[in-house]
$ cat work-v1.csv   # CSV, C-alpha atoms
chain,number,residue,atom,x,y,z
Y,1,MET,CA,82.6,-13.2,-25.4
Y,2,LYS,CA,81.9,-13.8,-21.6
Y,3,LYS,CA,84.2,-16.0,-19.5
Y,4,ARG,CA,83.3,-17.3,-16.0
Y,5,THR,CA,86.3,-18.4,-13.9
Y,6,SER,CA,86.0,-21.7,-12.1
Y,7,TYR,CA,88.3,-23.4,-9.5
Y,8,LYS,CA,89.1,-26.9,-8.3
Y,9,PHE,CA,88.9,-26.6,-4.5
Y,10,THR,CA,92.1,-27.8,-3.1
Y,11,LYS,CA,93.6,-27.3,0.4
Y,12,ASN,CA,95.9,-24.5,-0.8
Y,13,LEU,CA,93.2,-22.6,-2.7
Y,14,LEU,CA,90.9,-22.7,0.4
Y,15,ARG,CA,93.3,-20.3,2.1
Y,16,PHE,CA,92.4,-17.4,-0.2
Y,17,ILE,CA,89.1,-17.3,-2.2
Y,18,ALA,CA,88.0,-14.7,-4.7
Y,19,LEU,CA,84.3,-14.2,-4.2
Y,20,THR,CA,83.8,-12.4,-7.5
Y,21,VAL,CA,82.7,-13.4,-11.0
Y,22,VAL,CA,85.3,-12.0,-13.4
Y,23,ILE,CA,83.8,-10.8,-16.7
Y,24,TYR,CA,85.7,-9.9,-19.9
Y,25,SER,CA,84.0,-8.2,-22.8
Y,26,CYS,CA,85.5,-8.6,-26.3
Y,27,THR,CA,83.9,-5.6,-28.0
Y,28,GLU,CA,85.5,-3.5,-30.7
Y,29,SER,CA,86.1,-0.7,-28.1
Y,30,ASN,CA,87.7,-3.2,-25.8
Y,31,LEU,CA,90.2,-4.1,-28.4
Y,32,LEU,CA,91.2,-0.4,-28.7
Y,33,GLU,CA,91.1,0.4,-25.0
Y,34,GLY,CA,92.3,-2.8,-23.6
Y,35,ILE,CA,90.6,-5.0,-20.9
Y,36,ARG,CA,88.8,-2.8,-18.4
Y,37,ASP,CA,89.4,-3.2,-14.7
Y,38,VAL,CA,86.9,-5.2,-12.7
Y,39,LYS,CA,85.2,-2.8,-10.3
Y,40,PHE,CA,83.7,-5.3,-7.8
Y,41,LYS,CA,86.2,-7.6,-6.0
Y,42,ALA,CA,85.6,-9.2,-2.6
Y,43,THR,CA,87.8,-11.8,-1.1
Y,44,VAL,CA,87.9,-13.9,2.1
Y,45,ASN,CA,90.9,-15.8,3.4
Y,46,ARG,CA,89.0,-19.0,4.0
Y,47,ILE,CA,85.5,-20.3,3.5
Y,48,LEU,CA,85.8,-23.5,5.6
Y,49,LEU,CA,86.3,-22.8,9.3
Y,50,THR,CA,86.0,-24.5,12.7
Y,51,GLU,CA,83.8,-22.9,15.3
Y,52,GLY,CA,85.7,-20.2,17.2
Y,53,GLU,CA,88.0,-19.4,14.2
Y,54,THR,CA,88.1,-16.1,12.3
Y,55,ALA,CA,87.7,-15.2,8.7
Y,56,VAL,CA,89.2,-12.0,7.2
Y,57,TYR,CA,87.0,-10.3,4.5
Y,58,LYS,CA,88.4,-7.7,2.1
Y,59,ASP,CA,86.7,-5.5,-0.4
Y,60,SER,CA,89.2,-4.5,-3.1
Y,61,SER,CA,86.5,-2.9,-5.4
Y,62,ILE,CA,87.5,0.4,-7.0
Y,63,HIS,CA,85.7,3.7,-7.3
Y,64,VAL,CA,83.7,2.8,-4.2
Y,65,ALA,CA,81.6,5.6,-2.6
Y,66,SER,CA,80.2,3.3,0.2
Y,67,ARG,CA,80.0,-0.3,1.2
Y,68,GLU,CA,78.0,-2.5,3.5
Y,69,TRP,CA,79.0,-5.9,4.8
Y,70,ILE,CA,76.2,-8.0,6.3
Y,71,PHE,CA,77.3,-11.1,8.3
Y,72,GLU,CA,75.2,-13.9,9.6
Y,73,GLY,CA,76.4,-16.1,12.5
Y,74,GLY,CA,79.5,-14.0,13.2
Y,75,SER,CA,80.8,-11.9,16.1
Y,76,ILE,CA,79.6,-8.8,14.3
Y,77,THR,CA,76.5,-8.3,12.1
Y,78,GLY,CA,77.8,-5.7,9.8
Y,79,SER,CA,80.6,-3.2,8.8
Y,80,ASP,CA,81.5,-0.5,6.3
Y,81,GLN,CA,85.2,-1.1,6.5
Y,82,GLU,CA,87.4,-2.3,3.6
Y,83,GLU,CA,88.9,-5.2,5.6
Y,84,VAL,CA,86.9,-6.9,8.3
Y,85,SER,CA,87.8,-9.8,10.7
Y,86,VAL,CA,84.8,-11.9,11.8
Y,87,THR,CA,84.9,-14.7,14.4
Y,88,TYR,CA,82.3,-17.5,14.2
Y,89,PRO,CA,81.6,-18.8,17.7
Y,90,ASN,CA,79.1,-21.5,16.6
Y,91,PRO,CA,78.9,-24.1,13.8
Y,92,SER,CA,76.7,-23.2,10.8
Y,93,PRO,CA,73.4,-25.1,10.6
Y,94,PHE,CA,73.5,-28.7,9.4
Y,95,LEU,CA,71.0,-30.7,7.5
Y,96,ASN,CA,70.6,-34.4,6.8
Y,97,ILE,CA,70.6,-34.7,3.0
Y,98,ASN,CA,69.7,-38.2,1.9
Y,99,GLY,CA,71.4,-39.7,4.9
Y,100,THR,CA,74.5,-37.5,4.7
Y,101,ARG,CA,75.1,-34.5,6.9
Y,102,GLY,CA,75.4,-31.2,4.9
Y,103,THR,CA,75.8,-27.6,6.0
Y,104,TYR,CA,74.0,-24.5,4.7
Y,105,GLY,CA,76.8,-22.2,5.7
Y,106,PHE,CA,76.5,-18.7,7.0
Y,107,PRO,CA,75.7,-16.2,4.3
Y,108,THR,CA,77.8,-13.0,3.9
Y,109,THR,CA,76.6,-10.2,1.7
Y,110,LEU,CA,78.6,-7.2,0.3
Y,111,LYS,CA,76.7,-4.3,-1.1
Y,112,VAL,CA,78.8,-1.6,-2.9
Y,113,VAL,CA,77.8,1.9,-4.2
Y,114,TYR,CA,80.2,3.3,-6.8
Y,115,ASP,CA,81.1,6.9,-7.4
Y,116,ASP,CA,78.8,7.0,-10.4
Y,117,ASN,CA,75.9,6.0,-8.0
Y,118,THR,CA,75.6,2.5,-9.5
Y,119,THR,CA,75.4,-0.4,-7.2
Y,120,GLU,CA,76.5,-4.0,-7.1
Y,121,SER,CA,76.2,-6.8,-4.5
Y,122,ASN,CA,77.1,-10.5,-4.0
Y,123,THR,CA,76.2,-13.1,-1.4
Y,124,PHE,CA,78.4,-16.0,-0.6
Y,125,LYS,CA,78.6,-18.6,2.2
Y,126,VAL,CA,81.2,-19.6,4.8
Y,127,LYS,CA,80.8,-23.0,6.3
Y,128,VAL,CA,81.7,-23.3,9.9
Y,129,TYR,CA,82.3,-26.8,11.2
Y,130,PRO,CA,82.0,-28.0,14.8
Y,131,LYS,CA,85.2,-28.7,16.8
Y,132,VAL,CA,86.3,-32.3,16.6
Y,133,GLU,CA,85.1,-34.0,19.7
Y,134,PRO,CA,86.0,-37.7,19.3
Y,135,SER,CA,83.3,-40.2,20.2
Y,136,PHE,CA,83.2,-44.0,19.9
Y,137,LYS,CA,81.3,-47.1,20.7
Y,138,VAL,CA,82.2,-50.8,21.2
Y,139,ASP,CA,79.9,-53.7,20.3
Y,140,LEU,CA,80.6,-55.6,23.6
Y,141,PRO,CA,80.9,-53.2,26.6
Y,142,VAL,CA,81.3,-56.3,28.7
Y,143,ALA,CA,83.4,-59.1,27.1
Y,144,GLU,CA,85.3,-62.2,28.1
Y,145,VAL,CA,89.1,-62.4,27.9
Y,146,ASN,CA,90.5,-63.1,24.5
Y,147,THR,CA,87.2,-62.1,22.8
Y,148,GLU,CA,87.7,-59.8,19.8
Y,149,VAL,CA,85.6,-56.6,20.2
Y,150,GLN,CA,84.7,-54.1,17.5
Y,151,TYR,CA,85.4,-50.4,18.1
Y,152,THR,CA,83.6,-47.9,15.9
Y,153,ASP,CA,84.4,-44.2,15.5
Y,154,THR,CA,81.2,-42.1,15.8
Y,155,THR,CA,82.8,-38.7,15.8
Y,156,ILE,CA,80.5,-36.0,14.2
Y,157,GLU,CA,82.3,-34.1,11.5
Y,158,GLY,CA,85.6,-35.9,12.3
Y,159,GLN,CA,86.5,-36.2,8.6
Y,160,SER,CA,87.0,-33.7,5.8
Y,161,SER,CA,84.1,-33.4,3.4
Y,162,PHE,CA,86.1,-34.0,0.1
Y,163,ALA,CA,88.4,-36.7,-1.0
Y,164,GLU,CA,91.7,-35.0,-1.4
Y,165,ALA,CA,91.7,-33.6,2.2
Y,166,LYS,CA,90.2,-36.8,3.6
Y,167,GLU,CA,93.4,-38.6,2.6
Y,168,GLU,CA,95.2,-36.5,5.3
Y,169,ASP,CA,92.6,-37.0,8.0
Y,170,THR,CA,93.9,-39.2,10.9
Y,171,ILE,CA,92.7,-41.1,13.9
Y,172,PHE,CA,94.9,-42.6,16.6
Y,173,TRP,CA,93.5,-45.1,19.2
Y,174,GLU,CA,95.1,-46.1,22.5
Y,175,PHE,CA,93.7,-49.2,24.2
Y,176,GLU,CA,94.8,-49.8,27.7
Y,177,GLY,CA,95.4,-53.5,28.2
Y,178,GLY,CA,94.4,-54.3,24.7
Y,179,THR,CA,96.0,-56.0,21.7
Y,180,PRO,CA,96.9,-54.0,19.6
Y,181,ALA,CA,97.7,-51.3,22.1
Y,182,THR,CA,97.3,-48.6,19.5
Y,183,SER,CA,95.7,-48.4,16.1
Y,184,THR,CA,95.3,-45.9,13.2
Y,185,LEU,CA,92.3,-47.8,11.7
Y,186,ARG,CA,89.0,-45.9,11.7
Y,187,ASN,CA,87.2,-48.9,13.2
Y,188,PRO,CA,89.7,-51.4,14.8
Y,189,ARG,CA,89.2,-54.8,16.4
Y,190,VAL,CA,90.9,-55.4,19.8
Y,191,LYS,CA,91.4,-58.3,22.2
Y,192,TYR,CA,92.1,-58.2,25.9
Y,193,ALA,CA,94.1,-61.0,27.7
Y,194,THR,CA,93.4,-60.1,31.3
Y,195,ALA,CA,90.2,-59.3,33.2
Y,196,GLY,CA,89.7,-55.8,34.4
Y,197,LYS,CA,88.3,-52.4,33.4
Y,198,TYR,CA,90.2,-50.4,30.8
Y,199,SER,CA,90.3,-46.9,29.4
Y,200,VAL,CA,90.1,-46.0,25.7
Y,201,LYS,CA,91.6,-42.9,24.1
Y,202,SER,CA,90.9,-41.5,20.7
Y,203,THR,CA,92.7,-38.6,18.9
Y,204,VAL,CA,90.9,-37.5,15.7
Y,205,LYS,CA,92.4,-35.0,13.3
Y,206,ARG,CA,90.4,-33.4,10.6
Y,207,SER,CA,92.6,-31.8,7.9
Y,208,VAL,CA,90.0,-29.3,6.4
Y,209,PRO,CA,89.0,-27.3,8.2
Y,210,ASN,CA,92.0,-28.2,10.4
Y,211,ASN,CA,91.1,-29.3,13.9
Y,212,THR,CA,92.1,-32.0,16.4
Y,213,GLY,CA,90.2,-33.4,19.3
Y,214,ILE,CA,91.1,-35.9,22.1
Y,215,THR,CA,88.7,-38.0,24.1
Y,216,THR,CA,89.7,-40.4,26.9
Y,217,ILE,CA,87.1,-42.5,28.8
Y,218,GLU,CA,88.2,-44.3,31.9
Y,219,ASP,CA,86.8,-47.8,32.6
Y,220,PHE,CA,85.2,-47.8,29.2
Y,221,ILE,CA,85.2,-51.5,28.7
Y,222,THR,CA,84.9,-54.4,31.2
Y,223,ILE,CA,86.7,-57.6,30.6
Y,224,GLN,CA,85.7,-60.7,32.5
Y,225,ASP,CA,87.3,-64.1,32.9
Y,226,ALA,CA,85.7,-66.7,30.7
Y,227,ILE,CA,82.5,-68.0,32.2
Y,228,VAL,CA,82.5,-71.8,32.6
Y,229,PRO,CA,78.9,-73.0,32.2
Y,230,CYS,CA,77.6,-74.6,35.3
Y,231,VAL,CA,76.2,-78.2,35.0
Y,232,PRO,CA,73.8,-79.1,37.8
Y,233,SER,CA,74.8,-82.1,39.9
Y,234,ALA,CA,72.6,-85.2,39.6
Y,235,THR,CA,72.4,-85.1,43.4
Y,236,ASN,CA,71.2,-81.5,43.4
Y,237,LEU,CA,69.5,-80.1,40.3
Y,238,VAL,CA,69.7,-76.5,41.8
Y,239,SER,CA,73.4,-76.6,42.6
Y,240,CYS,CA,74.2,-73.9,40.0
Y,241,GLY,CA,73.6,-71.0,42.4
Y,242,ASN,CA,74.0,-70.0,46.0
Y,243,PHE,CA,71.8,-72.8,47.3
Y,244,ASN,CA,73.5,-72.8,50.7
Y,245,GLY,CA,74.4,-69.2,51.6
Y,246,GLU,CA,78.2,-69.9,51.2
Y,247,THR,CA,78.8,-66.9,48.8
Y,248,ALA,CA,77.6,-63.3,48.6
Y,249,ASP,CA,75.9,-64.0,45.2
Y,250,LEU,CA,72.2,-63.4,45.4
Y,251,SER,CA,71.7,-63.1,41.6
Y,252,LYS,CA,69.4,-66.1,41.5
Y,253,TRP,CA,67.4,-65.1,44.5
Y,254,SER,CA,64.4,-62.6,44.4
Y,255,ALA,CA,61.4,-61.7,46.5
Y,256,VAL,CA,58.1,-60.2,45.4
Y,257,PHE,CA,55.0,-59.2,47.3
Y,258,LYS,CA,51.8,-61.2,46.7
Y,259,ASP,CA,50.7,-58.8,44.0
Y,260,PHE,CA,53.7,-60.1,41.9
Y,261,THR,CA,54.5,-56.5,41.2
Y,262,THR,CA,56.0,-55.0,44.4
Y,263,ASP,CA,59.7,-56.0,44.7
Y,264,ARG,CA,60.9,-57.1,48.1
Y,265,SER,CA,64.4,-58.4,47.0
Y,266,ALA,CA,66.1,-55.7,49.1
Y,267,ASN,CA,65.0,-57.8,52.2
Y,268,LEU,CA,67.3,-60.6,51.0
Y,269,SER,CA,70.8,-61.0,52.4
Y,270,VAL,CA,73.5,-63.6,53.3
Y,271,SER,CA,73.9,-64.3,57.0
Y,272,ASN,CA,77.1,-65.6,58.4
Y,273,THR,CA,75.8,-65.9,62.0
Y,274,ILE,CA,73.1,-68.4,61.6
Y,275,PHE,CA,73.6,-71.5,59.4
Y,276,ALA,CA,72.6,-75.1,59.3
Y,277,PRO,CA,74.7,-77.5,61.4
Y,278,GLY,CA,76.9,-80.1,59.7
Y,279,GLY,CA,79.2,-77.8,57.7
Y,280,GLY,CA,79.1,-74.4,55.9
Y,281,SER,CA,79.2,-70.9,57.3
Y,282,GLY,CA,76.2,-69.1,55.8
Y,283,SER,CA,72.6,-69.0,55.0
Y,284,VAL,CA,70.3,-66.9,52.8
Y,285,LYS,CA,68.1,-64.7,55.0
Y,286,TYR,CA,64.8,-63.0,54.2
Y,287,LYS,CA,63.6,-60.3,56.6
Y,288,TYR,CA,59.8,-60.5,56.6
Y,289,ASP,CA,58.5,-57.2,58.1
Y,290,GLU,CA,55.0,-57.0,56.5
Y,291,ALA,CA,53.1,-57.5,59.8
Y,292,GLY,CA,52.3,-55.2,62.6
Y,293,PRO,CA,49.4,-53.8,64.5
Y,294,GLY,CA,46.2,-54.0,62.5
Y,295,VAL,CA,47.7,-56.1,59.7
Y,296,ALA,CA,45.6,-59.0,58.6
Y,297,GLY,CA,47.0,-62.5,58.5
Y,298,PHE,CA,48.2,-64.2,55.3
Y,299,THR,CA,50.1,-61.3,53.9
Y,300,ASP,CA,52.3,-63.3,51.5
Y,301,VAL,CA,55.8,-62.7,50.2
Y,302,ASN,CA,57.1,-65.0,47.5
Y,303,ILE,CA,60.8,-65.9,48.0
Y,304,ASN,CA,62.2,-67.3,44.7
Y,305,TYR,CA,65.3,-69.3,44.2
Y,306,GLU,CA,65.6,-69.2,40.4
Y,307,ALA,CA,68.3,-71.8,39.7
Y,308,GLU,CA,66.6,-73.4,36.7
Y,309,ILE,CA,65.3,-76.9,36.9
Y,310,ASP,CA,65.2,-78.3,33.4
Y,311,VAL,CA,62.7,-81.2,33.4
Y,312,THR,CA,63.3,-83.1,30.2
Y,313,THR,CA,61.6,-86.2,31.4
Y,314,ALA,CA,58.4,-86.0,33.3
Y,315,GLY,CA,58.5,-87.6,36.7
Y,316,SER,CA,58.7,-87.3,40.5
Y,317,TYR,CA,60.9,-84.6,41.9
Y,318,THR,CA,61.7,-83.9,45.6
Y,319,LEU,CA,62.6,-80.5,47.0
Y,320,THR,CA,64.2,-80.2,50.5
Y,321,LEU,CA,65.6,-77.3,52.4
Y,322,ASP,CA,66.7,-76.4,56.0
Y,323,HIS,CA,65.1,-73.3,57.6
Y,324,TYR,CA,65.4,-71.3,60.8
Y,325,GLY,CA,63.0,-68.6,62.1
Y,326,VAL,CA,63.8,-65.7,64.4
Y,327,ILE,CA,60.4,-64.3,65.3
Y,328,THR,CA,59.2,-61.0,66.7
Y,329,GLY,CA,55.7,-61.2,68.1
Y,330,GLY,CA,55.2,-64.9,68.0
Y,331,THR,CA,56.8,-68.4,68.5
Y,332,GLU,CA,55.8,-70.4,65.4
Y,333,TYR,CA,55.8,-69.9,61.7
Y,334,VAL,CA,54.4,-71.5,58.5
Y,335,PHE,CA,54.8,-71.2,54.7
Y,336,ASN,CA,54.0,-72.7,51.4
Y,337,LEU,CA,56.8,-74.5,49.5
Y,338,GLY,CA,57.0,-75.9,46.0
Y,339,PHE,CA,57.8,-75.5,42.3
Y,340,VAL,CA,57.0,-72.7,39.8
Y,341,ASN,CA,56.8,-73.1,36.1
Y,342,VAL,CA,58.9,-70.3,34.5
Y,343,ASP,CA,56.1,-69.6,32.0
Y,344,LYS,CA,53.6,-69.0,34.9
Y,345,ARG,CA,55.8,-67.1,37.4
Y,346,ASN,CA,53.0,-64.9,38.6
Y,347,VAL,CA,51.1,-67.9,39.9
Y,348,PHE,CA,51.9,-70.4,42.7
Y,349,GLU,CA,49.9,-73.3,41.4
Y,350,THR,CA,48.1,-75.4,44.0
Y,351,GLY,CA,49.2,-78.6,42.4
Y,352,LEU,CA,52.9,-77.7,42.6
Y,353,ARG,CA,53.0,-76.5,46.3
Y,354,GLU,CA,52.3,-77.7,49.8
Y,355,PHE,CA,51.5,-76.0,53.1
Y,356,LYS,CA,54.3,-76.4,55.7
Y,357,GLY,CA,54.2,-75.8,59.4
Y,358,ARG,CA,53.8,-75.2,62.2
Y,359,TYR,CA,57.5,-74.8,62.9
Y,360,ASN,CA,59.1,-73.7,66.2
Y,361,ALA,CA,61.2,-70.5,66.1
Y,362,ASP,CA,64.9,-70.4,67.1
Y,363,THR,CA,65.8,-73.9,65.9
Y,364,TRP,CA,66.8,-75.5,62.6
Y,365,ASN,CA,63.9,-77.3,60.8
Y,366,ASN,CA,63.7,-79.3,57.6
Y,367,ALA,CA,60.9,-79.1,54.9
Y,368,SER,CA,60.3,-81.3,51.9
Y,369,VAL,CA,57.9,-81.4,48.9
Y,370,THR,CA,57.5,-84.2,46.3
Y,371,LYS,CA,55.7,-83.4,43.1
Y,372,ASN,CA,55.2,-85.0,39.7
Y,373,LEU,CA,56.5,-82.4,37.2
Y,374,PRO,CA,55.6,-82.4,33.5
Y,375,VAL,CA,58.3,-81.5,31.0
Y,376,GLY,CA,59.3,-77.9,31.3
Y,377,LYS,CA,61.5,-75.4,33.2
Y,378,TYR,CA,60.9,-74.7,36.9
Y,379,PHE,CA,62.3,-72.9,39.9
Y,380,VAL,CA,61.8,-73.1,43.7
Y,381,ARG,CA,59.4,-70.8,45.6
Y,382,LEU,CA,58.7,-70.4,49.3
Y,383,ALA,CA,55.8,-68.1,50.2
Y,384,ILE,CA,56.0,-66.9,53.7
Y,385,PHE,CA,53.1,-65.1,55.5
Y,386,ASN,CA,52.0,-64.0,58.9
Y,387,PRO,CA,49.7,-66.8,60.0
Y,388,GLY,CA,46.1,-66.3,61.2
Y,389,PHE,CA,47.0,-67.6,64.6
Y,390,SER,CA,49.6,-64.9,65.0
Y,391,PRO,CA,49.0,-62.1,62.4
Y,392,GLY,CA,51.1,-59.5,64.0
Y,393,GLN,CA,54.4,-61.4,63.9
Y,394,ASN,CA,57.5,-60.6,61.8
Y,395,ILE,CA,60.3,-63.1,61.1
Y,396,ASP,CA,63.9,-63.3,59.9
Y,397,LEU,CA,63.8,-66.6,57.9
Y,398,HIS,CA,67.1,-68.3,57.2
Y,399,LEU,CA,67.3,-70.8,54.3
Y,400,ASP,CA,70.1,-73.3,53.8
Y,401,ASN,CA,70.9,-76.4,51.7
Y,402,VAL,CA,68.2,-76.0,49.1
Y,403,LYS,CA,68.1,-79.3,47.1
Y,404,VAL,CA,66.1,-80.8,44.3
Y,405,VAL,CA,66.5,-84.4,43.0
Y,406,LYS,CA,64.7,-86.6,40.5
Y,407,ASN,CA,63.3,-89.7,42.2

$ encode --input "work-v1.csv" --output "structure tokens"
Amino acid sequence: MKKRTSYKFTKNLLRFIALTVVIYSCTESNLLEGIRDVKFKATVNRILLTEGETAVYKDSSIHVASREWIFEGGSITGSDQEEVSVTYPNPSPFLNINGTRGTYGFPTTLKVVYDDNTTESNTFKVKVYPKVEPSFKVDLPVAEVNTEVQYTDTTIEGQSSFAEAKEEDTIFWEFEGGTPATSTLRNPRVKYATAGKYSVKSTVKRSVPNNTGITTIEDFITIQDAIVPCVPSATNLVSCGNFNGETADLSKWSAVFKDFTTDRSANLSVSNTIFAPGGGSGSVKYKYDEAGPGVAGFTDVNINYEAEIDVTTAGSYTLTLDHYGVITGGTEYVFNLGFVNVDKRNVFETGLREFKGRYNADTWNNASVTKNLPVGKYFVRLAIFNPGFSPGQNIDLHLDNVKVVKN
């Protein structure tokens, strides 16, 4: 009769593991002589570790003439000692098995030569897990006040690999400015009542192998005041934006070279020194610096004001704006002005624009364009260029009081 011992792996048992198959033989001589001692007996104090931890191996085999331990992944590669301590500085290799992370474990082999010159060996594996380094994500990194956001724990190997130990795994969240302020749920939902940037802290404890990690990320989430949708005024269809240079917001302004590829938006700014008379304290300035010695005329830059004009009814629309030019190398300036269909932004269609000029420098001027627009979405474009009559000139062009109305 042969009997193989088996174990249910519990947390307590993992502290001391017999690495030997125990064999009993029920022969007639056994009955007379009693059960013989098992000669080969190797043990390790733990088979699940965290990187940086130490396992203690012991060979309690009897009648041993010599032994050889062979360790993979440990601080030493081998030993002939009866008891050996081995530290594992790195996790054992992991493999994705059907969508689940698994580990091969580091193999350890003990080879024993007995006094009678017979040999016996066994190979077993120690699984070394990475340290717990909490990581997480949120579905809305930028959210409005009182919007519920979903946090998800993405910690690698932050939970034990079997059910009994997993029951004792824990996670503790701390949400600066949030409600709730703390949570022990694995993937909690949180609201924020006040705009600002807030830190998030996660403490994850894995019970087997035992390890705890803490991660804090400052300014992890940005909470903004609720955005009130802008409804354009009937007296100005492009009023939902900085149409008059009164704020620092240039989010709806852009500039691109005539190839429609080279960005020139860095040349846009808000000026508080030159602005149209009759109220206000600012204008949107574009610094045109494309000209110079040897530069040909008509080097266009397209200045876009992309406050959307939603034309739901085809008809006549008028665009007006005030402008002021500060010129270097000339005294007059010109440009093209009109509308651009959002689906054809890399074209300034002839039928939607007009040539404007010549305008004197260093004074406020007004320009207007009236066009019949089909149903669609549009924005305003002004294309400035160095004119043929003065190709070497550069200009600081100030724009103010951009306005579009349906006639």

$ residues_around --input "work-v1.csv" --residues "Y:Asn366" --least-positions-apart "4" --cutoff "12 Å" --atoms "all atoms listed in the file" --output "MDAnalysis selection string"
chainID Y and resid 276:277 319:325 337 356:360 398:403

$ closest_residue --input "work-v1.csv" --among "Y:Phe348, Y:Phe40, Y:Tyr286, Y:Phe389" --to "Y:Asp59" --atoms "all atoms listed in the file"
Y:Phe40

$ atom_distance --input "work-v1.csv" --atom1 "atom CA of Y:Lys197" --atom2 "atom CA of Y:Thr222"
4.5 Å

$ closest_atom_pairs --input "work-v1.csv" --of "stretch 245-350 of chain Y" --to "stretch 369-376 of chain Y" --cutoff "10 Å" --atoms "all atoms listed in the file" --output "JSON lines"
{"residue": "Y:Ile309", "atom": "CA", "partner": "Y:Gly376", "partner_atom": "CA", "distance": 8.3}
{"residue": "Y:Asp310", "atom": "CA", "partner": "Y:Gly376", "partner_atom": "CA", "distance": 6.3}
{"residue": "Y:Val311", "atom": "CA", "partner": "Y:Val375", "partner_atom": "CA", "distance": 5.0}
{"residue": "Y:Thr312", "atom": "CA", "partner": "Y:Val375", "partner_atom": "CA", "distance": 5.3}
{"residue": "Y:Thr313", "atom": "CA", "partner": "Y:Val375", "partner_atom": "CA", "distance": 5.8}
{"residue": "Y:Ala314", "atom": "CA", "partner": "Y:Pro374", "partner_atom": "CA", "distance": 4.6}
{"residue": "Y:Gly315", "atom": "CA", "partner": "Y:Asn372", "partner_atom": "CA", "distance": 5.2}
{"residue": "Y:Ser316", "atom": "CA", "partner": "Y:Asn372", "partner_atom": "CA", "distance": 4.3}
{"residue": "Y:Tyr317", "atom": "CA", "partner": "Y:Lys371", "partner_atom": "CA", "distance": 5.5}
{"residue": "Y:Thr318", "atom": "CA", "partner": "Y:Thr370", "partner_atom": "CA", "distance": 4.3}
{"residue": "Y:Leu319", "atom": "CA", "partner": "Y:Val369", "partner_atom": "CA", "distance": 5.1}
{"residue": "Y:Thr320", "atom": "CA", "partner": "Y:Val369", "partner_atom": "CA", "distance": 6.6}
{"residue": "Y:Leu321", "atom": "CA", "partner": "Y:Val369", "partner_atom": "CA", "distance": 9.4}
{"residue": "Y:Asn336", "atom": "CA", "partner": "Y:Val369", "partner_atom": "CA", "distance": 9.9}
{"residue": "Y:Leu337", "atom": "CA", "partner": "Y:Val369", "partner_atom": "CA", "distance": 7.0}
{"residue": "Y:Gly338", "atom": "CA", "partner": "Y:Val369", "partner_atom": "CA", "distance": 6.3}
{"residue": "Y:Phe339", "atom": "CA", "partner": "Y:Lys371", "partner_atom": "CA", "distance": 8.2}
{"residue": "Y:Asn341", "atom": "CA", "partner": "Y:Gly376", "partner_atom": "CA", "distance": 7.2}
{"residue": "Y:Val342", "atom": "CA", "partner": "Y:Gly376", "partner_atom": "CA", "distance": 8.3}
{"residue": "Y:Asp343", "atom": "CA", "partner": "Y:Gly376", "partner_atom": "CA", "distance": 8.9}

$ atom_distance --input "work-v1.csv" --atom1 "atom CA of Y:Asn304" --atom2 "atom CA of Y:Arg381"
4.6 Å

$ atom_distance --input "work-v1.csv" --atom1 "atom CA of Y:Val132" --atom2 "atom CA of Y:Ile70"
28.3 Å

$ closest_residue --input "work-v1.csv" --among "Y:Ile62, Y:Ala163, Y:Leu185, Y:Ala361" --to "Y:Asp116" --atoms "all atoms listed in the file"
Y:Ile62

$ closest_residue --input "work-v1.csv" --among "Y:Ala266, Y:Ile221, Y:Ala291, Y:Ile171" --to "Y:Glu144" --atoms "only C-alpha atoms"
Y:Ile221

$ closest_residue --input "work-v1.csv" --among "Y:Thr235, Y:Asn211, Y:Ser283, Y:Ser254" --to "Y:Asp396" --atoms "only C-alpha atoms"
Y:Ser283

$ closest_residue --input "work-v1.csv" --among "Y:Leu382, Y:Ile303, Y:Val284, Y:Ala226" --to "Y:Ser265" --atoms "all atoms listed in the file"
Y:Ile303

$ residues_around --input "work-v1.csv" --residues "Y:Lys285" --least-positions-apart "4" --cutoff "6 Å" --atoms "all atoms listed in the file" --output "PDB file with C-alpha atoms, in the coordinates of the input"
ATOM      1  CA  LEU Y 268      67.300 -60.600  51.000  1.00  0.00           C
ATOM      2  CA  SER Y 269      70.800 -61.000  52.400  1.00  0.00           C
ATOM      3  CA  VAL Y 270      73.500 -63.600  53.300  1.00  0.00           C
ATOM      4  CA  LEU Y 397      63.800 -66.600  57.900  1.00  0.00           C
ATOM      5  CA  HIS Y 398      67.100 -68.300  57.200  1.00  0.00           C
TER       6      HIS Y 398
END

$ closest_residue --input "work-v1.csv" --among "Y:Val126, Y:Val380, Y:Ala234, Y:Cys240" --to "Y:Arg46" --atoms "only C-alpha atoms"
Y:Val126

$ residues_around --input "work-v1.csv" --residues "Y:Leu110" --least-positions-apart "5" --cutoff "8 Å" --atoms "only C-alpha atoms" --output "list of chain:residue names"
Y:Ala42, Y:Arg67, Y:Glu68, Y:Trp69, Y:Ile70, Y:Ser121, Y:Asn122, Y:Thr123
